[in-house]
file target-v9.csv (CSV, C-alpha atoms)
chain,number,residue,atom,x,y,z
A,1,MET,CA,192.2,152.3,66.3
A,2,SER,CA,189.1,154.5,66.2
A,3,TYR,CA,185.7,153.1,66.8
A,4,PRO,CA,182.2,154.6,66.3
A,5,GLU,CA,181.2,156.8,69.3
A,6,SER,CA,177.9,157.6,71.0
A,7,ASP,CA,176.9,159.7,74.0
A,8,VAL,CA,174.9,157.0,75.7
A,9,ALA,CA,174.9,153.2,75.2
A,10,ILE,CA,172.0,151.2,76.6
A,11,VAL,CA,172.7,147.5,77.3
A,12,GLY,CA,169.4,145.7,77.3
A,13,SER,CA,166.2,145.8,75.3
A,14,GLY,CA,163.3,145.1,77.7
A,15,PRO,CA,160.7,147.5,79.1
A,16,ASN,CA,163.2,149.6,81.1
A,17,ALA,CA,165.6,149.9,78.2
A,18,LEU,CA,162.9,150.7,75.7
A,19,ALA,CA,161.3,153.3,78.0
A,20,LEU,CA,164.7,155.0,78.5
A,21,ALA,CA,165.5,155.0,74.8
A,22,ALA,CA,162.2,156.6,73.9
A,23,HIS,CA,162.8,159.4,76.4
A,24,LEU,CA,166.3,159.9,75.2
A,25,ARG,CA,165.1,160.1,71.6
A,26,ALA,CA,162.5,162.7,72.7
A,27,LEU,CA,165.3,164.8,74.2
A,28,ARG,CA,167.5,164.3,71.1
A,29,VAL,CA,170.3,162.6,73.0
A,30,ASP,CA,172.7,160.6,70.9
A,31,PHE,CA,172.3,157.0,72.0
A,32,ARG,CA,172.5,153.4,70.9
A,33,VAL,CA,170.5,150.5,72.4
A,34,PHE,CA,171.4,146.8,72.1
A,35,GLY,CA,169.8,143.5,72.5
A,36,PRO,CA,167.0,141.1,71.2
A,37,PRO,CA,163.8,143.2,71.9
A,38,MET,CA,161.6,141.8,74.7
A,39,LYS,CA,163.4,138.5,74.7
A,40,PHE,CA,162.7,137.6,78.4
A,41,TRP,CA,159.0,138.1,77.7
A,42,ARG,CA,159.0,136.4,74.3
A,43,ASP,CA,160.6,133.3,75.9
A,44,MET,CA,158.0,132.8,78.5
A,45,PRO,CA,156.0,129.5,78.3
A,46,ARG,CA,152.7,129.7,76.6
A,47,GLY,CA,149.7,129.7,79.0
A,48,ILE,CA,151.4,132.0,81.5
A,49,ASN,CA,150.1,135.4,82.2
A,50,LEU,CA,151.4,138.6,83.7
A,51,LYS,CA,151.4,138.7,87.5
A,52,SER,CA,150.6,142.4,87.4
A,53,PHE,CA,147.7,144.5,86.3
A,54,ALA,CA,147.7,145.8,82.7
A,55,HIS,CA,147.7,149.4,83.9
A,56,ALA,CA,150.9,148.7,85.9
A,57,THR,CA,152.8,147.0,83.1
A,58,ASN,CA,153.7,149.5,80.4
A,59,VAL,CA,156.7,150.5,78.3
A,60,TYR,CA,156.6,154.1,79.5
A,61,VAL,CA,157.1,156.3,76.5
A,62,PRO,CA,156.4,160.1,76.4
A,63,ALA,CA,153.4,159.9,74.1
A,64,LYS,CA,149.7,159.5,74.5
A,65,GLY,CA,147.8,156.4,73.3
A,66,ALA,CA,150.7,154.0,73.9
A,67,THR,CA,149.9,152.3,77.2
A,68,PHE,CA,149.4,148.6,77.4
A,69,VAL,CA,145.7,149.0,78.4
A,70,GLU,CA,145.1,151.2,75.3
A,71,TRP,CA,147.0,148.7,73.1
A,72,CYS,CA,144.9,145.8,74.5
A,73,ARG,CA,141.6,147.6,74.1
A,74,ALA,CA,142.3,148.4,70.5
A,75,ARG,CA,142.7,144.7,69.8
A,76,ASN,CA,139.8,143.4,72.0
A,77,LEU,CA,142.2,141.8,74.4
A,78,GLU,CA,141.9,141.5,78.2
A,79,ASP,CA,142.9,144.9,79.6
A,80,VAL,CA,142.9,144.3,83.4
A,81,GLU,CA,144.0,140.8,84.4
A,82,PRO,CA,145.1,138.2,83.5
A,83,CYS,CA,146.9,139.5,80.5
A,84,SER,CA,149.0,137.0,78.6
A,85,MET,CA,152.8,137.2,78.4
A,86,GLU,CA,152.4,136.9,74.6
A,87,SER,CA,150.3,140.0,74.4
A,88,PHE,CA,152.8,142.0,76.5
A,89,ALA,CA,155.7,140.8,74.4
A,90,ALA,CA,153.8,141.8,71.3
A,91,TYR,CA,153.0,145.2,72.8
A,92,GLY,CA,156.6,145.8,73.7
A,93,THR,CA,157.7,144.9,70.1
A,94,TRP,CA,155.0,147.4,68.8
A,95,VAL,CA,156.4,150.1,71.0
A,96,LYS,CA,159.9,149.3,69.8
A,97,ASP,CA,158.8,149.6,66.1
A,98,HIS,CA,157.1,152.9,66.7
A,99,PHE,CA,159.4,154.7,69.1
A,100,ILE,CA,162.8,153.0,69.0
A,101,PRO,CA,163.4,152.0,65.3
A,102,ASN,CA,167.2,152.3,65.8
A,103,LEU,CA,167.4,149.4,68.3
A,104,GLU,CA,170.2,147.0,67.4
A,105,ASP,CA,169.3,143.4,67.7
A,106,VAL,CA,172.7,142.3,68.8
A,107,VAL,CA,174.1,141.2,72.2
A,108,VAL,CA,176.7,143.2,74.1
A,109,SER,CA,179.5,140.7,75.0
A,110,GLN,CA,181.7,143.0,77.0
A,111,VAL,CA,181.8,146.5,78.5
A,112,SER,CA,185.1,147.9,79.8
A,113,ILE,CA,186.4,151.3,80.9
A,114,GLY,CA,187.8,153.0,77.9
A,115,VAL,CA,191.2,154.7,77.5
A,116,GLY,CA,190.9,158.3,78.5
A,117,ARG,CA,187.2,158.5,79.2
A,118,GLY,CA,184.0,156.7,78.7
A,119,PHE,CA,183.6,153.0,77.9
A,120,GLU,CA,184.4,150.5,75.2
A,121,LEU,CA,181.7,148.0,74.2
A,122,SER,CA,182.3,144.7,72.3
A,123,LEU,CA,179.3,143.2,70.4
A,124,ALA,CA,178.6,139.6,69.7
A,125,ASN,CA,178.9,140.3,65.9
A,126,GLY,CA,182.5,141.4,66.4
A,127,GLN,CA,181.9,145.2,66.2
A,128,ARG,CA,183.3,147.6,68.8
A,129,LEU,CA,182.3,151.1,69.8
A,130,ARG,CA,182.9,153.7,72.4
A,131,SER,CA,180.4,155.5,74.5
A,132,ARG,CA,180.7,158.4,76.9
A,133,ARG,CA,178.2,156.8,79.3
A,134,VAL,CA,176.5,153.4,79.6
A,135,VAL,CA,173.2,152.3,81.1
A,136,PHE,CA,172.8,148.7,82.2
A,137,ALA,CA,169.1,147.6,81.8
A,138,THR,CA,169.3,143.8,81.3
A,139,GLY,CA,166.6,142.9,83.8
A,140,LEU,CA,166.6,139.4,85.3
A,141,SER,CA,169.0,137.9,82.8
A,142,ASN,CA,171.8,136.0,84.6
A,143,GLN,CA,170.2,136.8,88.0
A,144,GLU,CA,168.3,133.5,88.6
A,145,PHE,CA,168.9,132.1,92.1
A,146,VAL,CA,169.4,128.4,92.7
A,147,PRO,CA,169.7,127.2,96.4
A,148,GLU,CA,173.2,126.1,97.3
A,149,ILE,CA,172.0,122.6,98.2
A,150,LEU,CA,171.1,122.1,94.5
A,151,ARG,CA,174.1,123.7,92.9
A,152,GLY,CA,176.3,120.6,93.1
A,153,LEU,CA,173.9,118.6,90.9
A,154,PRO,CA,174.8,118.1,87.2
A,155,LYS,CA,173.1,120.7,84.9
A,156,GLU,CA,171.0,118.0,83.2
A,157,LEU,CA,169.3,117.2,86.6
A,158,VAL,CA,168.6,120.7,87.9
A,159,SER,CA,167.4,123.8,86.2
A,160,HIS,CA,165.8,127.2,87.0
A,161,THR,CA,162.4,128.3,85.7
A,162,PHE,CA,164.1,131.1,83.9
A,163,HIS,CA,165.5,128.6,81.4
A,164,HIS,CA,162.2,126.9,80.5
A,165,SER,CA,160.1,128.1,77.6
A,166,ASP,CA,158.6,124.7,76.8
A,167,TYR,CA,157.7,122.0,79.4
A,168,ALA,CA,157.0,119.3,76.8
A,169,PRO,CA,160.3,117.5,77.5
A,170,PHE,CA,159.0,116.7,81.0
A,171,ARG,CA,156.2,114.5,79.6
A,172,GLY,CA,156.3,111.2,81.5
A,173,ARG,CA,159.0,112.4,83.9
A,174,SER,CA,158.8,113.0,87.6
A,175,VAL,CA,159.8,116.5,88.7
A,176,ALA,CA,160.3,118.2,92.1
A,177,VAL,CA,159.7,121.9,92.0
A,178,VAL,CA,161.3,123.9,94.8
A,179,GLY,CA,159.7,127.2,95.8
A,180,ALA,CA,156.5,129.0,96.9
A,181,GLY,CA,156.3,131.9,94.6
A,182,ALA,CA,154.5,132.4,91.3
A,183,SER,CA,157.2,130.8,89.1
A,184,ALA,CA,157.3,127.7,91.2
A,185,ILE,CA,153.6,127.2,91.3
A,186,GLU,CA,153.3,127.9,87.6
A,187,ALA,CA,156.1,125.4,86.9
A,188,GLY,CA,154.2,122.7,88.8
A,189,ALA,CA,151.1,123.4,86.7
A,190,LEU,CA,153.0,123.4,83.4
A,191,VAL,CA,154.8,120.1,84.2
A,192,HIS,CA,151.5,118.5,85.0
A,193,GLU,CA,149.8,119.9,81.9
A,194,ALA,CA,152.7,118.7,79.7
A,195,GLY,CA,152.1,115.1,81.0
A,196,GLY,CA,154.7,115.0,83.7
A,197,GLN,CA,154.4,114.1,87.4
A,198,ALA,CA,155.1,117.2,89.4
A,199,GLN,CA,155.3,117.9,93.2
A,200,ILE,CA,156.0,121.2,94.8
A,201,LEU,CA,158.2,121.5,97.8
A,202,VAL,CA,157.5,124.6,100.0
A,203,ARG,CA,159.4,125.6,103.1
A,204,ASP,CA,156.6,127.8,104.4
A,205,SER,CA,153.4,126.7,106.2
A,206,GLU,CA,151.2,127.8,103.3
A,207,VAL,CA,151.1,128.8,99.7
A,208,VAL,CA,149.7,132.3,99.2
A,209,PHE,CA,147.3,132.7,96.2
A,210,HIS,CA,146.2,136.3,95.6
A,211,ASP,CA,142.5,136.9,95.4
A,212,ARG,CA,141.1,138.3,92.2
A,213,LEU,CA,140.6,142.0,92.6
A,214,ALA,CA,136.9,142.9,92.9
A,215,ALA,CA,135.5,144.9,90.0
A,216,LYS,CA,134.0,147.3,92.5
A,217,ARG,CA,135.5,148.1,95.9
A,218,SER,CA,133.8,149.9,98.8
A,219,LEU,CA,134.9,153.4,99.7
A,220,PHE,CA,136.2,152.0,103.1
A,221,THR,CA,138.3,149.4,101.3
A,222,ARG,CA,139.6,151.9,98.8
A,223,LEU,CA,140.6,154.2,101.6
A,224,ARG,CA,142.2,151.6,103.7
A,225,TYR,CA,143.8,149.7,100.9
A,226,PRO,CA,144.3,152.2,98.1
A,227,MET,CA,145.2,150.7,94.7
A,228,SER,CA,148.7,151.0,93.4
A,229,VAL,CA,150.8,149.6,90.5
A,230,LEU,CA,152.0,147.0,93.1
A,231,GLY,CA,148.5,146.1,94.2
A,232,PRO,CA,146.3,147.3,97.0
A,233,GLY,CA,147.9,148.7,100.2
A,234,MET,CA,149.0,152.0,101.7
A,235,LYS,CA,152.7,151.1,101.7
A,236,SER,CA,152.7,150.1,98.1
A,237,ARG,CA,150.7,153.3,97.2
A,238,LEU,CA,153.3,155.5,99.0
A,239,MET,CA,156.1,153.9,97.1
A,240,GLU,CA,154.4,154.6,93.8
A,241,GLU,CA,153.6,158.2,94.6
A,242,LEU,CA,156.9,158.9,96.3
A,243,PRO,CA,159.4,156.8,94.3
A,244,LEU,CA,162.5,158.4,95.9
A,245,ALA,CA,161.3,158.1,99.5
A,246,VAL,CA,162.6,154.6,100.0
A,247,ARG,CA,166.1,155.8,99.0
A,248,LEU,CA,166.1,158.2,101.9
A,249,ILE,CA,165.5,155.4,104.4
A,250,PRO,CA,168.7,154.3,106.3
A,251,GLU,CA,170.3,151.4,104.6
A,252,PRO,CA,169.6,148.5,107.1
A,253,GLN,CA,165.9,149.4,107.2
A,254,ARG,CA,165.7,149.8,103.4
A,255,ILE,CA,167.3,146.4,102.8
A,256,ARG,CA,164.8,144.8,105.2
A,257,LEU,CA,161.9,146.5,103.3
A,258,VAL,CA,163.2,145.3,99.9
A,259,ARG,CA,163.5,141.7,101.2
A,260,GLY,CA,160.3,141.6,103.1
A,261,HIS,CA,157.7,143.6,101.1
A,262,LEU,CA,155.5,141.5,98.8
A,263,GLY,CA,156.7,138.0,99.7
A,264,PRO,CA,156.2,134.9,97.6
A,265,ALA,CA,152.7,134.5,96.2
A,266,ALA,CA,150.9,133.0,93.2
A,267,PRO,CA,148.3,134.7,91.1
A,268,TRP,CA,144.6,133.7,91.5
A,269,TRP,CA,144.3,132.4,87.9
A,270,ILE,CA,146.9,129.6,88.5
A,271,SER,CA,145.1,128.2,91.5
A,272,GLU,CA,142.6,125.9,89.7
A,273,ARG,CA,145.4,124.5,87.5
A,274,VAL,CA,147.4,123.4,90.6
A,275,LYS,CA,145.0,122.5,93.4
A,276,GLY,CA,143.8,118.9,93.0
A,277,HIS,CA,146.4,118.2,90.3
A,278,VAL,CA,149.8,118.8,91.8
A,279,PRO,CA,150.7,117.8,95.3
A,280,ILE,CA,152.2,120.5,97.5
A,281,SER,CA,154.4,119.6,100.5
A,282,LEU,CA,154.4,122.4,103.0
A,283,GLN,CA,157.0,123.0,105.7
A,284,THR,CA,159.4,121.0,103.7
A,285,THR,CA,163.1,121.8,103.3
A,286,VAL,CA,165.6,120.2,101.0
A,287,ILE,CA,168.6,119.2,103.1
A,288,GLY,CA,170.3,116.9,100.7
A,289,ALA,CA,170.5,116.3,96.9
A,290,GLU,CA,172.6,113.8,95.0
A,291,PRO,CA,172.5,112.1,91.7
A,292,ARG,CA,171.0,108.6,91.8
A,293,GLY,CA,171.0,106.7,88.5
A,294,ASP,CA,169.6,108.9,85.8
A,295,GLY,CA,167.8,111.1,88.4
A,296,VAL,CA,168.1,112.8,91.7
A,297,ARG,CA,167.6,111.7,95.3
A,298,LEU,CA,166.4,114.5,97.5
A,299,THR,CA,166.5,114.3,101.3
A,300,LEU,CA,163.7,116.3,102.8
A,301,ARG,CA,162.9,117.5,106.3
A,302,ASP,CA,159.3,118.2,107.2
A,303,ALA,CA,157.1,118.2,110.3
A,304,ALA,CA,157.2,114.4,110.5
A,305,GLY,CA,161.0,114.2,110.3
A,306,GLU,CA,163.3,113.3,107.4
A,307,ARG,CA,162.5,111.4,104.2
A,308,THR,CA,163.9,110.8,100.7
A,309,ILE,CA,162.3,111.0,97.3
A,310,ASP,CA,163.6,110.1,93.9
A,311,VAL,CA,162.8,112.2,90.9
A,312,ASP,CA,164.0,112.6,87.3
A,313,HIS,CA,164.6,116.3,87.6
A,314,VAL,CA,164.5,119.3,90.0
A,315,ILE,CA,163.3,122.7,89.0
A,316,ALA,CA,164.2,125.7,91.1
A,317,GLY,CA,161.4,128.2,91.2
A,318,THR,CA,163.3,130.2,93.7
A,319,GLY,CA,163.4,133.7,92.3
A,320,TYR,CA,166.2,136.0,91.4
A,321,VAL,CA,169.0,138.0,93.0
A,322,SER,CA,170.6,141.4,92.3
A,323,ASP,CA,174.2,140.3,91.6
A,324,ILE,CA,176.3,142.4,89.3
A,325,ASP,CA,179.1,139.8,89.7
A,326,ARG,CA,177.0,137.5,87.5
A,327,LEU,CA,176.6,140.0,84.6
A,328,PRO,CA,178.9,138.3,82.0
A,329,TYR,CA,179.4,141.4,79.9
A,330,LEU,CA,181.0,143.5,82.8
A,331,ASP,CA,184.8,143.6,82.4
A,332,SER,CA,186.6,142.4,85.6
A,333,ASP,CA,188.2,145.8,86.2
A,334,LEU,CA,184.9,147.7,85.7
A,335,ARG,CA,183.1,145.2,88.0
A,336,ARG,CA,185.8,145.6,90.7
A,337,ARG,CA,185.5,149.4,90.7
A,338,ILE,CA,181.7,149.4,91.2
A,339,GLN,CA,181.0,150.1,94.9
A,340,ARG,CA,178.5,147.8,96.5
A,341,ILE,CA,175.8,148.3,99.1
A,342,GLU,CA,177.2,147.1,102.4
A,343,SER,CA,174.1,145.2,103.5
A,344,ALA,CA,173.6,143.7,100.0
A,345,PRO,CA,177.2,143.3,98.8
A,346,THR,CA,176.2,142.0,95.3
A,347,ALA,CA,174.1,145.0,94.5
A,348,PRO,CA,175.5,148.3,93.1
A,349,ALA,CA,175.3,151.4,95.3
A,350,LEU,CA,173.6,154.0,93.2
A,351,SER,CA,173.2,157.8,93.4
A,352,VAL,CA,169.9,159.6,93.1
A,353,ASN,CA,170.5,159.6,89.3
A,354,PHE,CA,171.0,155.8,89.2
A,355,GLU,CA,174.7,156.3,88.7
A,356,SER,CA,177.2,153.9,90.2
A,357,SER,CA,180.5,154.8,91.8
A,358,VAL,CA,182.1,154.5,88.3
A,359,ARG,CA,181.3,157.8,86.7
A,360,GLY,CA,179.1,157.4,83.7
A,361,ALA,CA,177.9,153.8,84.5
A,362,TYR,CA,174.2,153.6,85.4
A,363,PHE,CA,171.9,150.7,86.5
A,364,VAL,CA,168.1,150.6,86.1
A,365,GLY,CA,165.6,147.8,86.7
A,366,PRO,CA,166.1,145.0,89.3
A,367,SER,CA,169.7,146.0,89.7
A,368,ALA,CA,168.5,149.2,91.3
A,369,VAL,CA,166.1,147.7,93.8
A,370,PHE,CA,168.4,147.8,96.9
A,371,SER,CA,169.0,151.5,96.3
A,372,PHE,CA,165.5,152.5,95.4
A,373,GLY,CA,163.1,149.9,96.8
A,374,PRO,CA,160.6,147.2,95.8
A,375,LEU,CA,158.9,149.4,93.2
A,376,PHE,CA,162.0,149.1,90.9
A,377,ARG,CA,161.8,145.3,90.9
A,378,PHE,CA,158.8,145.7,88.6
A,379,VAL,CA,158.2,147.2,85.2
A,380,ALA,CA,156.3,149.9,86.9
A,381,GLY,CA,159.5,151.4,88.3
A,382,ALA,CA,160.4,152.6,84.8
A,383,LYS,CA,157.6,155.2,85.0
A,384,TYR,CA,159.9,157.2,87.2
A,385,ALA,CA,163.3,155.9,86.2
A,386,ALA,CA,163.1,156.4,82.5
A,387,PRO,CA,162.2,160.1,82.4
A,388,ALA,CA,164.3,161.0,85.4
A,389,LEU,CA,167.5,159.3,84.0
A,390,ALA,CA,166.8,160.7,80.5
A,391,ARG,CA,166.7,164.2,81.9
A,392,HIS,CA,169.9,163.7,83.8
A,393,LEU,CA,171.7,162.3,80.7
A,394,ALA,CA,170.4,165.1,78.5
A,395,GLY,CA,171.5,167.8,80.9
A,396,PRO,CA,169.7,171.1,81.6
A,397,VAL,CA,170.0,172.5,78.1
A,398,ARG,CA,168.1,169.8,76.3
A,399,THR,CA,165.3,169.2,78.8
A,400,ALA,CA,163.2,172.1,77.8
A,401,SER,CA,159.5,171.3,77.9
A,402,LYS,CA,159.0,172.7,74.4
A,403,THR,CA,161.2,170.0,72.9
A,404,VAL,CA,159.4,167.3,74.8
A,405,ARG,CA,156.0,168.6,73.7
A,406,GLN,CA,157.0,168.8,70.1
A,407,TRP,CA,158.4,165.3,70.0
A,408,THR,CA,155.4,163.9,71.8
A,409,GLN,CA,153.0,165.4,69.3
A,410,ARG,CA,155.0,163.9,66.4
A,411,ALA,CA,155.2,160.5,68.0
A,412,SER,CA,151.5,160.4,68.9
A,413,SER,CA,150.5,161.4,65.3
A,414,ALA,CA,152.8,158.7,63.9
A,415,LEU,CA,151.0,155.9,65.7
A,416,GLU,CA,149.5,153.5,63.2
A,417,PRO,CA,146.0,152.2,63.8
A,418,PRO,CA,145.9,148.6,64.9
A,419,PRO,CA,145.6,146.0,62.1
call {"tool": "encode", "arguments": {"input": "target-v9.csv", "output": "structure tokens"}}
result
Amino acid sequence: MSYPESDVAIVGSGPNALALAAHLRALRVDFRVFGPPMKFWRDMPRGINLKSFAHATNVYVPAKGATFVEWCRARNLEDVEPCSMESFAAYGTWVKDHFIPNLEDVVVSQVSIGVGRGFELSLANGQRLRSRRVVFATGLSNQEFVPEILRGLPKELVSHTFHHSDYAPFRGRSVAVVGAGASAIEAGALVHEAGGQAQILVRDSEVVFHDRLAAKRSLFTRLRYPMSVLGPGMKSRLMEELPLAVRLIPEPQRIRLVRGHLGPAAPWWISERVKGHVPISLQTTVIGAEPRGDGVRLTLRDAAGERTIDVDHVIAGTGYVSDIDRLPYLDSDLRRRIQRIESAPTAPALSVNFESSVRGAYFVGPSAVFSFGPLFRFVAGAKYAAPALARHLAGPVRTASKTVRQWTQRASSALEPPP
């Protein structure tokens, strides 16, 4: 049976996927891109803002006038921080409408190695197609991490922050939130604001709240802590300016850098919504969890010893992992053939062109973090990844600067004025 064919298939429709699609379109590469556009961002709870600066959170398209900052300023919205998740989702959708009108709002249900060459893709609507190459750009979907101690609880008693768009169901209920990062602290605030009784359990000795960045910084501060898309700091600035440098670091040191750089922290704007409203238990580790009646009994260990608490529900605000074994659309044979990083065995080992050990299969976004470093955990990593991978996929013939300039001029002139 013959199926429709394309040169490149992009699985995903968030900022990384949209940026790559826009660059491929500029280079006139035959591609198809699949997924509900900006779904992760559209599903965020109301009242939650970006953790990053507006200038560091773009859909990187090869055209002038299309940054998030410019989009916000044209609509009289906050253009530094905090910027709302709703505004970034709307911006991403605007970029999709202007630069990637051929995006197909359908989920890819399976990708397998094709007969002969390339790949076969099955879509949720029953359609199938072939593609010579495929790029996986699905972000944090299916990558949520729940501590092992909580995994044995029934699903109705434990959840991850990834799965919550609305905290209204927790009204009148007691909730233990596990974690010290932004998602955990925000979840505690949102449970409280929804009328629930939240408490946050933190293993560390403190919860870090970032300070609001000063509007003006001294020359000394700017030299010692230069600004970057990851925030102030020389190490972060070097990763932004030299995006491939981390990949040259020997693997053990690179893995330590990825795991240790920019640890758990909450943004400044959530502080006043938590302090004085939601109790935070520091140096507290969950060592036991079992159903008890309609709720959960947690056994905790803290500086004073062991104790138990009974709650109606547990929310894990414990971040995400890079685990290709949890990507449901990867065929088992394809998954088996993808070589892993020895020190991070769930992450794909990628070439300098983001290609896995399976020829023609590429990974961008958080799946690339253990090969390329902390920068690629964030949307800002697409600033390098999208044009670099697009040039590689286009090949030397189609990457002439003239073609890019012509398309950029057309795209820029096509931008509609804001409503």
call {"tool": "closest_residue", "arguments": {"input": "target-v9.csv", "among": "A:Glu120, A:Lys275, A:Gly126, A:Gly139", "to": "Ala189 of chain A", "atoms": "only C-alpha atoms"}}
result
A:Lys275
call {"tool": "closest_atom_pairs", "arguments": {"input": "target-v9.csv", "of": "segment 236-284 of chain A", "to": "segment 63-82 of chain A", "cutoff": "12 Å", "atoms": "all atoms listed in the file", "output": "JSON lines"}}
result
{"residue": "A:Pro267", "atom": "CA", "partner": "A:Pro82", "partner_atom": "CA", "distance": 9.0}
{"residue": "A:Trp268", "atom": "CA", "partner": "A:Pro82", "partner_atom": "CA", "distance": 9.2}
{"residue": "A:Trp269", "atom": "CA", "partner": "A:Pro82", "partner_atom": "CA", "distance": 7.3}
{"residue": "A:Ile270", "atom": "CA", "partner": "A:Pro82", "partner_atom": "CA", "distance": 10.1}
call {"tool": "residues_around", "arguments": {"input": "target-v9.csv", "residues": "segment 293-305 of chain A", "least_positions_apart": "5", "cutoff": "12 Å", "atoms": "all atoms listed in the file", "output": "tab-separated table (two decimals) with C-alpha atoms, keeping the file's coordinate frame"}}
result
chain	number	residue	atom	x	y	z
A	149	ILE	CA	172.00	122.60	98.20
A	150	LEU	CA	171.10	122.10	94.50
A	152	GLY	CA	176.30	120.60	93.10
A	153	LEU	CA	173.90	118.60	90.90
A	154	PRO	CA	174.80	118.10	87.20
A	155	LYS	CA	173.10	120.70	84.90
A	156	GLU	CA	171.00	118.00	83.20
A	157	LEU	CA	169.30	117.20	86.60
A	158	VAL	CA	168.60	120.70	87.90
A	173	ARG	CA	159.00	112.40	83.90
A	174	SER	CA	158.80	113.00	87.60
A	175	VAL	CA	159.80	116.50	88.70
A	176	ALA	CA	160.30	118.20	92.10
A	177	VAL	CA	159.70	121.90	92.00
A	178	VAL	CA	161.30	123.90	94.80
A	201	LEU	CA	158.20	121.50	97.80
A	202	VAL	CA	157.50	124.60	100.00
A	203	ARG	CA	159.40	125.60	103.10
A	204	ASP	CA	156.60	127.80	104.40
A	205	SER	CA	153.40	126.70	106.20
A	281	SER	CA	154.40	119.60	100.50
A	282	LEU	CA	154.40	122.40	103.00
A	283	GLN	CA	157.00	123.00	105.70
A	284	THR	CA	159.40	121.00	103.70
A	285	THR	CA	163.10	121.80	103.30
A	286	VAL	CA	165.60	120.20	101.00
A	287	ILE	CA	168.60	119.20	103.10
A	288	GLY	CA	170.30	116.90	100.70
A	310	ASP	CA	163.60	110.10	93.90
A	311	VAL	CA	162.80	112.20	90.90
A	312	ASP	CA	164.00	112.60	87.30
A	313	HIS	CA	164.60	116.30	87.60
A	314	VAL	CA	164.50	119.30	90.00
A	315	ILE	CA	163.30	122.70	89.00
call {"tool": "closest_atom_pairs", "arguments": {"input": "target-v9.csv", "of": "segment 112-134 of chain A", "to": "segment 349-364 of chain A", "cutoff": "10 Å", "atoms": "all atoms listed in the file", "output": "Markdown table"}}
result
| residue | atom | partner | partner_atom | distance |
| --- | --- | --- | --- | --- |
| A:Ile113 | CA | A:Val358 | CA | 9.1 |
| A:Arg117 | CA | A:Gly360 | CA | 9.3 |
| A:Gly118 | CA | A:Gly360 | CA | 7.0 |
| A:Phe119 | CA | A:Gly360 | CA | 8.6 |
| A:Ser131 | CA | A:Gly360 | CA | 9.5 |
| A:Arg132 | CA | A:Gly360 | CA | 7.1 |
| A:Arg133 | CA | A:Gly360 | CA | 4.5 |
| A:Val134 | CA | A:Ala361 | CA | 5.1 |
call {"tool": "atom_distance", "arguments": {"input": "target-v9.csv", "atom1": "atom CA of Gly47 of chain A", "atom2": "atom CA of Tyr91 of chain A"}}
result
17.0 Å
call {"tool": "closest_residue", "arguments": {"input": "target-v9.csv", "among": "A:Pro366, A:Gly179, A:Gly12, A:Pro328", "to": "Val258 of chain A", "atoms": "only C-alpha atoms"}}
result
A:Pro366
call {"tool": "atom_distance", "arguments": {"input": "target-v9.csv", "atom1": "atom CA of Ser52 of chain A", "atom2": "atom CA of Ala380 of chain A"}}
result
9.4 Å
call {"tool": "atom_distance", "arguments": {"input": "target-v9.csv", "atom1": "atom CA of Phe145 of chain A", "atom2": "atom CA of Val246 of chain A"}}
result
24.7 Å
call {"tool": "closest_residue", "arguments": {"input": "target-v9.csv", "among": "A:Ser367, A:Ser218, A:Ser112, A:Ser122", "to": "Phe34 of chain A", "atoms": "only C-alpha atoms"}}
result
A:Ser122
call {"tool": "closest_residue", "arguments": {"input": "target-v9.csv", "among": "A:Leu223, A:Leu375, A:Val61, A:Ile200", "to": "Ala187 of chain A", "atoms": "all atoms listed in the file"}}
result
A:Ile200
call {"tool": "closest_residue", "arguments": {"input": "target-v9.csv", "among": "A:Arg307, A:Lys235, A:Arg377, A:His261", "to": "Val321 of chain A", "atoms": "all atoms listed in the file"}}
result
A:Arg377
call {"tool": "residues_around", "arguments": {"input": "target-v9.csv", "residues": "segment 37-39 of chain A", "least_positions_apart": "2", "cutoff": "12 Å", "atoms": "all atoms listed in the file", "output": "NGL selection string"}}
result
:A and (11-19 or 33-35 or 41-44 or 59 or 85-97 or 100-107 or 137-141 or 162 or 165)
call {"tool": "residues_around", "arguments": {"input": "target-v9.csv", "residues": "Arg171 of chain A", "least_positions_apart": "4", "cutoff": "9 Å", "atoms": "only C-alpha atoms", "output": "compact mmCIF listing (two decimals) with C-alpha atoms, in the frame of the given file"}}
result
# COMPACT_ATOMS: atom_id res chain seq x y z
CA TYR A 167 157.70 122.00 79.40
CA VAL A 191 154.80 120.10 84.20
CA HIS A 192 151.50 118.50 85.00
CA GLU A 193 149.80 119.90 81.90
CA ALA A 194 152.70 118.70 79.70
CA GLY A 195 152.10 115.10 81.00
CA GLY A 196 154.70 115.00 83.70
CA GLN A 197 154.40 114.10 87.40
call {"tool": "closest_residue", "arguments": {"input": "target-v9.csv", "among": "A:Ala54, A:Val135, A:Leu190, A:Ile185", "to": "Ala368 of chain A", "atoms": "only C-alpha atoms"}}
result
A:Val135
call {"tool": "decode", "arguments": {"input": "target-v9.csv", "residues": "segment 310-321 of chain A", "atoms": "C-alpha atoms", "output": "compact mmCIF listing (two decimals), in the first residue's frame"}}
result
# COMPACT_ATOMS: atom_id res chain seq x y z
CA ASP A 310 -3.10 12.28 56.55
CA VAL A 311 -4.16 14.18 53.43
CA ASP A 312 -6.78 13.81 50.74
CA HIS A 313 -4.33 14.01 47.84
CA VAL A 314 -0.62 14.24 46.99
CA ILE A 315 0.71 16.42 44.16
CA ALA A 316 4.22 15.75 42.88
CA GLY A 317 5.89 18.99 41.84
CA THR A 318 9.07 17.05 41.22
CA GLY A 319 10.00 18.10 37.71
CA TYR A 320 10.69 16.13 34.58
CA VAL A 321 13.11 13.55 33.19
